[in-house]
>>> print(open('start-v1.cif').read())   # mmCIF, C-alpha atoms
data_upload
loop_
_atom_site.group_PDB
_atom_site.id
_atom_site.type_symbol
_atom_site.label_atom_id
_atom_site.label_comp_id
_atom_site.auth_asym_id
_atom_site.auth_seq_id
_atom_site.Cartn_x
_atom_site.Cartn_y
_atom_site.Cartn_z
ATOM 1 C CA MET E 1 0.000 0.000 0.000
ATOM 2 C CA LEU E 2 1.067 3.556 -0.646
ATOM 3 C CA PHE E 3 0.279 6.038 2.151
ATOM 4 C CA THR E 4 0.206 9.771 1.444
ATOM 5 C CA PRO E 5 -0.331 12.203 4.350
ATOM 6 C CA LEU E 6 -3.105 14.752 3.907
ATOM 7 C CA SER E 7 -2.903 18.317 5.220
ATOM 8 C CA LEU E 8 -4.561 17.413 8.549
ATOM 9 C CA PRO E 9 -2.250 15.472 10.895
ATOM 10 C CA GLY E 10 -3.077 11.781 11.179
ATOM 11 C CA SER E 11 -5.105 11.589 7.959
ATOM 12 C CA PHE E 12 -3.865 9.784 4.856
ATOM 13 C CA THR E 13 -4.862 8.535 1.470
ATOM 14 C CA ALA E 14 -4.164 4.852 0.966
ATOM 15 C CA ASP E 15 -3.532 3.795 -2.602
ATOM 16 C CA LEU E 16 -3.107 0.292 -3.903
ATOM 17 C CA GLN E 17 0.328 -0.909 -4.857
ATOM 18 C CA ARG E 18 -0.510 -2.909 -7.958
ATOM 19 C CA PHE E 19 1.259 -5.992 -9.223
ATOM 20 C CA GLU E 20 0.211 -6.113 -12.860
ATOM 21 C CA ASP E 21 0.444 -8.619 -15.665
ATOM 22 C CA GLU E 22 -1.465 -9.361 -18.869
ATOM 23 C CA ARG E 23 -4.520 -10.533 -16.860
ATOM 24 C CA GLY E 24 -4.884 -7.323 -14.850
ATOM 25 C CA PHE E 25 -3.484 -6.687 -11.388
ATOM 26 C CA PHE E 26 -3.348 -7.886 -7.797
ATOM 27 C CA ALA E 27 -3.155 -5.562 -4.786
ATOM 28 C CA ARG E 28 -3.816 -5.604 -1.070
ATOM 29 C CA SER E 29 -6.551 -3.192 -0.006
ATOM 30 C CA PHE E 30 -5.622 -3.680 3.653
ATOM 31 C CA CYS E 31 -2.601 -5.178 5.412
ATOM 32 C CA ALA E 32 -2.371 -5.008 9.222
ATOM 33 C CA ARG E 33 1.426 -5.114 9.034
ATOM 34 C CA GLU E 34 1.643 -2.182 6.596
ATOM 35 C CA PHE E 35 -0.935 -0.104 8.507
ATOM 36 C CA GLY E 36 0.794 -0.925 11.805
ATOM 37 C CA THR E 37 4.180 0.136 10.435
ATOM 38 C CA GLN E 38 2.614 3.548 9.701
ATOM 39 C CA GLY E 39 1.195 3.710 13.260
ATOM 40 C CA LEU E 40 -2.366 3.399 11.911
ATOM 41 C CA GLU E 41 -5.357 1.455 13.199
ATOM 42 C CA THR E 42 -5.340 -2.247 12.372
ATOM 43 C CA ALA E 43 -8.454 -3.528 14.192
ATOM 44 C CA TRP E 44 -11.773 -3.073 12.402
ATOM 45 C CA VAL E 45 -14.974 -4.163 14.159
ATOM 46 C CA GLN E 46 -17.552 -3.201 11.545
ATOM 47 C CA THR E 47 -17.838 -2.643 7.803
ATOM 48 C CA ASN E 48 -20.566 -0.348 6.454
ATOM 49 C CA SER E 49 -21.787 0.389 2.942
ATOM 50 C CA SER E 50 -23.430 3.617 1.817
ATOM 51 C CA PHE E 51 -25.204 3.730 -1.541
ATOM 52 C CA SER E 52 -26.504 6.986 -3.054
ATOM 53 C CA ARG E 53 -28.615 7.031 -6.210
ATOM 54 C CA GLU E 54 -28.321 10.698 -7.125
ATOM 55 C CA LYS E 55 -25.252 12.698 -8.144
ATOM 56 C CA GLY E 56 -24.661 15.552 -5.670
ATOM 57 C CA THR E 57 -25.974 13.688 -2.617
ATOM 58 C CA ILE E 58 -24.308 14.878 0.589
ATOM 59 C CA ARG E 59 -23.996 12.691 3.664
ATOM 60 C CA GLY E 60 -22.370 14.123 6.766
ATOM 61 C CA MET E 61 -20.628 15.596 8.663
ATOM 62 C CA HIS E 62 -20.640 12.716 11.224
ATOM 63 C CA PHE E 63 -18.459 11.585 14.136
ATOM 64 C CA GLN E 64 -18.565 9.668 17.416
ATOM 65 C CA ARG E 65 -17.347 11.018 20.747
ATOM 66 C CA PRO E 66 -15.150 9.080 23.190
ATOM 67 C CA PRO E 67 -15.245 6.463 24.479
ATOM 68 C CA LYS E 68 -16.574 5.347 21.085
ATOM 69 C CA ALA E 69 -14.550 7.736 18.899
ATOM 70 C CA GLU E 70 -13.774 5.825 15.738
ATOM 71 C CA VAL E 71 -11.153 5.549 13.054
ATOM 72 C CA LYS E 72 -12.529 5.089 9.530
ATOM 73 C CA LEU E 73 -11.019 3.713 6.358
ATOM 74 C CA VAL E 74 -13.319 4.714 3.482
ATOM 75 C CA ARG E 75 -13.124 3.397 -0.068
ATOM 76 C CA CYS E 76 -15.359 4.056 -3.071
ATOM 77 C CA VAL E 77 -16.390 0.746 -4.651
ATOM 78 C CA ARG E 78 -18.751 2.181 -7.283
ATOM 79 C CA GLY E 79 -18.888 5.647 -8.836
ATOM 80 C CA ALA E 80 -17.048 8.620 -7.327
ATOM 81 C CA ALA E 81 -17.277 10.914 -4.311
ATOM 82 C CA LEU E 82 -15.552 13.894 -2.763
ATOM 83 C CA ASP E 83 -14.706 12.809 0.778
ATOM 84 C CA VAL E 84 -14.337 15.595 3.357
ATOM 85 C CA ILE E 85 -12.963 15.555 6.902
ATOM 86 C CA VAL E 86 -12.901 18.292 9.554
ATOM 87 C CA ASP E 87 -10.473 18.316 12.489
ATOM 88 C CA ILE E 88 -12.533 18.656 15.693
ATOM 89 C CA ARG E 89 -9.825 17.566 18.173
ATOM 90 C CA ALA E 90 -9.460 19.802 21.212
ATOM 91 C CA GLY E 91 -6.096 21.572 21.205
ATOM 92 C CA SER E 92 -5.220 20.591 17.640
ATOM 93 C CA ALA E 93 -3.237 23.150 15.635
ATOM 94 C CA THR E 94 -5.606 22.427 12.727
ATOM 95 C CA TYR E 95 -8.850 22.526 14.773
ATOM 96 C CA GLY E 96 -11.701 23.620 12.500
ATOM 97 C CA HIS E 97 -9.738 23.025 9.302
ATOM 98 C CA TRP E 98 -10.979 20.667 6.618
ATOM 99 C CA THR E 99 -9.466 18.763 3.749
ATOM 100 C CA SER E 100 -10.853 16.558 1.025
ATOM 101 C CA CYS E 101 -9.902 13.945 -1.509
ATOM 102 C CA GLU E 102 -11.684 12.396 -4.442
ATOM 103 C CA LEU E 103 -12.400 8.689 -4.059
ATOM 104 C CA THR E 104 -13.291 6.715 -7.167
ATOM 105 C CA ALA E 105 -14.012 3.110 -7.948
ATOM 106 C CA ASP E 106 -11.578 3.316 -10.864
ATOM 107 C CA ALA E 107 -8.714 4.648 -8.707
ATOM 108 C CA ARG E 108 -9.521 2.167 -5.908
ATOM 109 C CA ASN E 109 -8.096 4.650 -3.406
ATOM 110 C CA ALA E 110 -9.142 5.148 0.221
ATOM 111 C CA ILE E 111 -8.993 7.781 2.934
ATOM 112 C CA TYR E 112 -7.837 7.017 6.479
ATOM 113 C CA ILE E 113 -9.701 9.186 8.997
ATOM 114 C CA PRO E 114 -8.356 9.268 12.564
ATOM 115 C CA ARG E 115 -10.368 9.698 15.753
ATOM 116 C CA GLY E 116 -11.516 13.251 16.365
ATOM 117 C CA PHE E 117 -12.601 14.095 12.825
ATOM 118 C CA ALA E 118 -16.035 14.794 11.406
ATOM 119 C CA HIS E 119 -16.587 13.007 8.103
ATOM 120 C CA GLY E 120 -18.878 13.444 5.124
ATOM 121 C CA PHE E 121 -18.962 13.127 1.369
ATOM 122 C CA GLN E 122 -20.697 14.265 -1.796
ATOM 123 C CA THR E 123 -21.364 11.882 -4.665
ATOM 124 C CA LEU E 124 -19.890 12.975 -7.990
ATOM 125 C CA GLU E 125 -21.683 10.333 -10.052
ATOM 126 C CA PRO E 126 -25.068 8.658 -9.797
ATOM 127 C CA ASP E 127 -25.216 5.229 -8.138
ATOM 128 C CA THR E 128 -22.156 5.750 -5.953
ATOM 129 C CA GLU E 129 -21.277 3.307 -3.179
ATOM 130 C CA LEU E 130 -18.749 3.772 -0.390
ATOM 131 C CA MET E 131 -17.486 1.098 1.981
ATOM 132 C CA TYR E 132 -16.324 2.048 5.476
ATOM 133 C CA PHE E 133 -14.146 0.038 7.814
ATOM 134 C CA VAL E 134 -14.632 1.360 11.365
ATOM 135 C CA SER E 135 -12.725 0.719 14.578
ATOM 136 C CA GLU E 136 -15.684 1.052 16.983
ATOM 137 C CA PHE E 137 -19.238 -0.212 17.006
ATOM 138 C CA TYR E 138 -21.876 2.420 16.253
ATOM 139 C CA SER E 139 -23.075 4.110 19.445
ATOM 140 C CA PRO E 140 -26.114 6.427 19.185
ATOM 141 C CA GLU E 141 -25.239 7.927 22.586
ATOM 142 C CA GLN E 142 -21.844 9.154 21.302
ATOM 143 C CA GLU E 143 -23.018 10.169 17.819
ATOM 144 C CA GLY E 144 -22.414 13.749 16.733
ATOM 145 C CA GLY E 145 -22.509 15.881 13.634
ATOM 146 C CA LEU E 146 -21.910 19.286 12.074
ATOM 147 C CA ARG E 147 -23.776 21.255 9.433
ATOM 148 C CA TYR E 148 -22.410 20.340 6.008
ATOM 149 C CA ASP E 149 -23.032 23.919 4.825
ATOM 150 C CA ASP E 150 -21.801 25.852 7.863
ATOM 151 C CA PRO E 151 -20.307 29.161 6.624
ATOM 152 C CA ALA E 152 -17.686 28.988 9.403
ATOM 153 C CA LEU E 153 -16.275 25.816 7.816
ATOM 154 C CA ASN E 154 -16.838 26.990 4.228
ATOM 155 C CA ILE E 155 -16.499 23.490 2.767
ATOM 156 C CA ALA E 156 -16.117 23.716 -1.014
ATOM 157 C CA TRP E 157 -18.624 21.134 -2.187
ATOM 158 C CA PRO E 158 -18.164 20.814 -5.969
ATOM 159 C CA LEU E 159 -21.868 20.366 -6.830
ATOM 160 C CA PRO E 160 -25.135 21.822 -5.580
ATOM 161 C CA ALA E 161 -26.286 19.887 -2.502
ATOM 162 C CA ALA E 162 -28.809 17.143 -3.247
ATOM 163 C CA ASN E 163 -30.662 14.630 -1.095
ATOM 164 C CA VAL E 164 -29.418 15.898 2.261
ATOM 165 C CA SER E 165 -31.283 14.099 5.042
ATOM 166 C CA PRO E 166 -33.393 16.096 7.506
ATOM 167 C CA LYS E 167 -31.034 14.921 10.251
ATOM 168 C CA ASP E 168 -27.972 16.273 8.395
ATOM 169 C CA ARG E 169 -29.756 19.559 7.646
ATOM 170 C CA SER E 170 -30.444 20.049 11.357
ATOM 171 C CA GLN E 171 -26.943 19.318 12.692
ATOM 172 C CA PRO E 172 -25.422 22.034 14.901
ATOM 173 C CA SER E 173 -23.054 24.675 13.589
ATOM 174 C CA PHE E 174 -19.311 24.532 14.208
ATOM 175 C CA SER E 175 -19.596 27.349 16.788
ATOM 176 C CA GLU E 176 -21.892 25.105 18.864
ATOM 177 C CA LEU E 177 -19.454 22.173 18.811
ATOM 178 C CA ARG E 178 -17.765 20.924 21.948
ATOM 179 C CA PRO E 179 -14.292 19.837 20.722
ATOM 180 C CA ILE E 180 -13.385 16.158 20.988
ATOM 181 C CA GLU E 181 -11.130 15.376 23.937
ATOM 182 C CA LEU E 182 -9.133 12.266 23.035
#
>>> encode(input="start-v1.cif", output="structure tokens")
Amino acid sequence: MLFTPLSLPGSFTADLQRFEDERGFFARSFCAREFGTQGLETAWVQTNSSFSREKGTIRGMHFQRPPKAEVKLVRCVRGAALDVIVDIRAGSATYGHWTSCELTADARNAIYIPRGFAHGFQTLEPDTELMYFVSEFYSPEQEGGLRYDDPALNIAWPLPAANVSPKDRSQPSFSELRPIEL
């Protein structure tokens, strides 16, 4: 695997290291040894899939608070999406900053999201599916979120927002957030 740090400390893209021949290629999409060597999470307790029919759909910005704060490894298995993360860690030098990367089924790339980040995405193609590996079981009591369109964050979504759930539309603003203490 090829790990490339993103602008927010602890976050990475994870690209496949392909071994190609005339038939196609072989690559590991996860290797505990390689992730461990990078100091990244290696224990996943749940895998989730998210399918969105319409181009422009926004899901997020979601997170879980301690003691159920989670690490995510997100890969696009069909279509394409802009994946966005926001640093919400108390005391972080990049608190309130966001970054993004494009995930596509063709690129087979992934984003590694550490604990203490809000996460969301916008589909760039119809019929887009993302697969998440998560390090903690879902806990409704520790669930949190931020407004995807909060002017304080000024996230540059590439398309007009479509199919945003009522729950995501009613998330609190960044100014109302209590930072994550890890």
>>> residues_around(input="start-v1.cif", residues="E:Phe30", least_positions_apart="6", cutoff="9 Å", atoms="all atoms listed in the file", output="ChimeraX atom specification")
/E:1,16,42
>>> atom_distance(input="start-v1.cif", atom1="atom CA of E:Phe63", atom2="atom CA of E:Gly116")
7.5 Å
>>> atom_distance(input="start-v1.cif", atom1="atom CA of E:Ile113", atom2="atom CA of E:Met131")
13.2 Å
>>> resolve_selection(input="start-v1.cif", expression="the PyMOL selection byres ((chain E and resi 60) around 12)", output="PyMOL selection string")
chain E and resi 50+57-59+61-63+82-86+117-123+143-150+155+157+161+163-172
>>> resolve_selection(input="start-v1.cif", expression="the PyMOL selection byres ((chain E and resi 102-109) around 7)", output="list in words")
Ala14, Asp15, Leu16, Arg75, Cys76, Val77, Arg78, Gly79, Ala80, Ala81, Leu82, Asp83, Ser100, Cys101 and Ala110 of chain E
>>> resolve_selection(input="start-v1.cif", expression="the PyMOL selection byres ((chain E and resi 49) around 7)", output="PyMOL selection string")
chain E and resi 47-48+50-51+129-132
>>> closest_residue(input="start-v1.cif", among="E:Asn154, E:Ala43, E:Thr128, E:Glu20", to="E:Gly56", atoms="only C-alpha atoms")
E:Thr128
>>> residues_near_point(input="start-v1.cif", point="(0.0, 13.3, 5.2)", cutoff="12 Å", atoms="all atoms listed in the file", output="short mmCIF file (atom, residue, chain, number, x, y, z; two decimals) with C-alpha atoms, keeping the file's coordinate frame")
data_model
loop_
_atom_site.label_atom_id
_atom_site.label_comp_id
_atom_site.auth_asym_id
_atom_site.auth_seq_id
_atom_site.Cartn_x
_atom_site.Cartn_y
_atom_site.Cartn_z
CA LEU E 2 1.07 3.56 -0.65
CA PHE E 3 0.28 6.04 2.15
CA THR E 4 0.21 9.77 1.44
CA PRO E 5 -0.33 12.20 4.35
CA LEU E 6 -3.10 14.75 3.91
CA SER E 7 -2.90 18.32 5.22
CA LEU E 8 -4.56 17.41 8.55
CA PRO E 9 -2.25 15.47 10.90
CA GLY E 10 -3.08 11.78 11.18
CA SER E 11 -5.11 11.59 7.96
CA PHE E 12 -3.86 9.78 4.86
CA THR E 13 -4.86 8.54 1.47
CA ALA E 14 -4.16 4.85 0.97
CA GLN E 38 2.61 3.55 9.70
CA THR E 99 -9.47 18.76 3.75
CA CYS E 101 -9.90 13.94 -1.51
CA ILE E 111 -8.99 7.78 2.93
CA TYR E 112 -7.84 7.02 6.48
CA ILE E 113 -9.70 9.19 9.00
CA PRO E 114 -8.36 9.27 12.56
#
>>> closest_residue(input="start-v1.cif", among="E:Glu125, E:Glu34, E:Asp21, E:Glu136", to="E:Ala69", atoms="all atoms listed in the file")
E:Glu136
>>> atom_distance(input="start-v1.cif", atom1="atom CA of E:Ala152", atom2="atom CA of E:Ser92")
17.1 Å
>>> axis_aligned_box(input="start-v1.cif", around="stretch 160-174 of chain E", padding_each_side="3 Å", output="AutoDock Vina command-line options")
--center_x -26.4 --center_y 19.4 --center_z 4.7 --size_x 20.1 --size_y 16.6 --size_z 26.5
>>> closest_residue(input="start-v1.cif", among="E:Asp127, E:Glu141, E:Glu41, E:Glu70", to="E:Leu182", atoms="all atoms listed in the file")
E:Glu70
>>> closest_residue(input="start-v1.cif", among="E:Leu153, E:Leu73, E:Val134, E:Ala162", to="E:Ile88", atoms="all atoms listed in the file")
E:Leu153
>>> closest_residue(input="start-v1.cif", among="E:Gln142, E:Thr37, E:Ser173, E:Ser52", to="E:Pro67", atoms="only C-alpha atoms")
E:Gln142
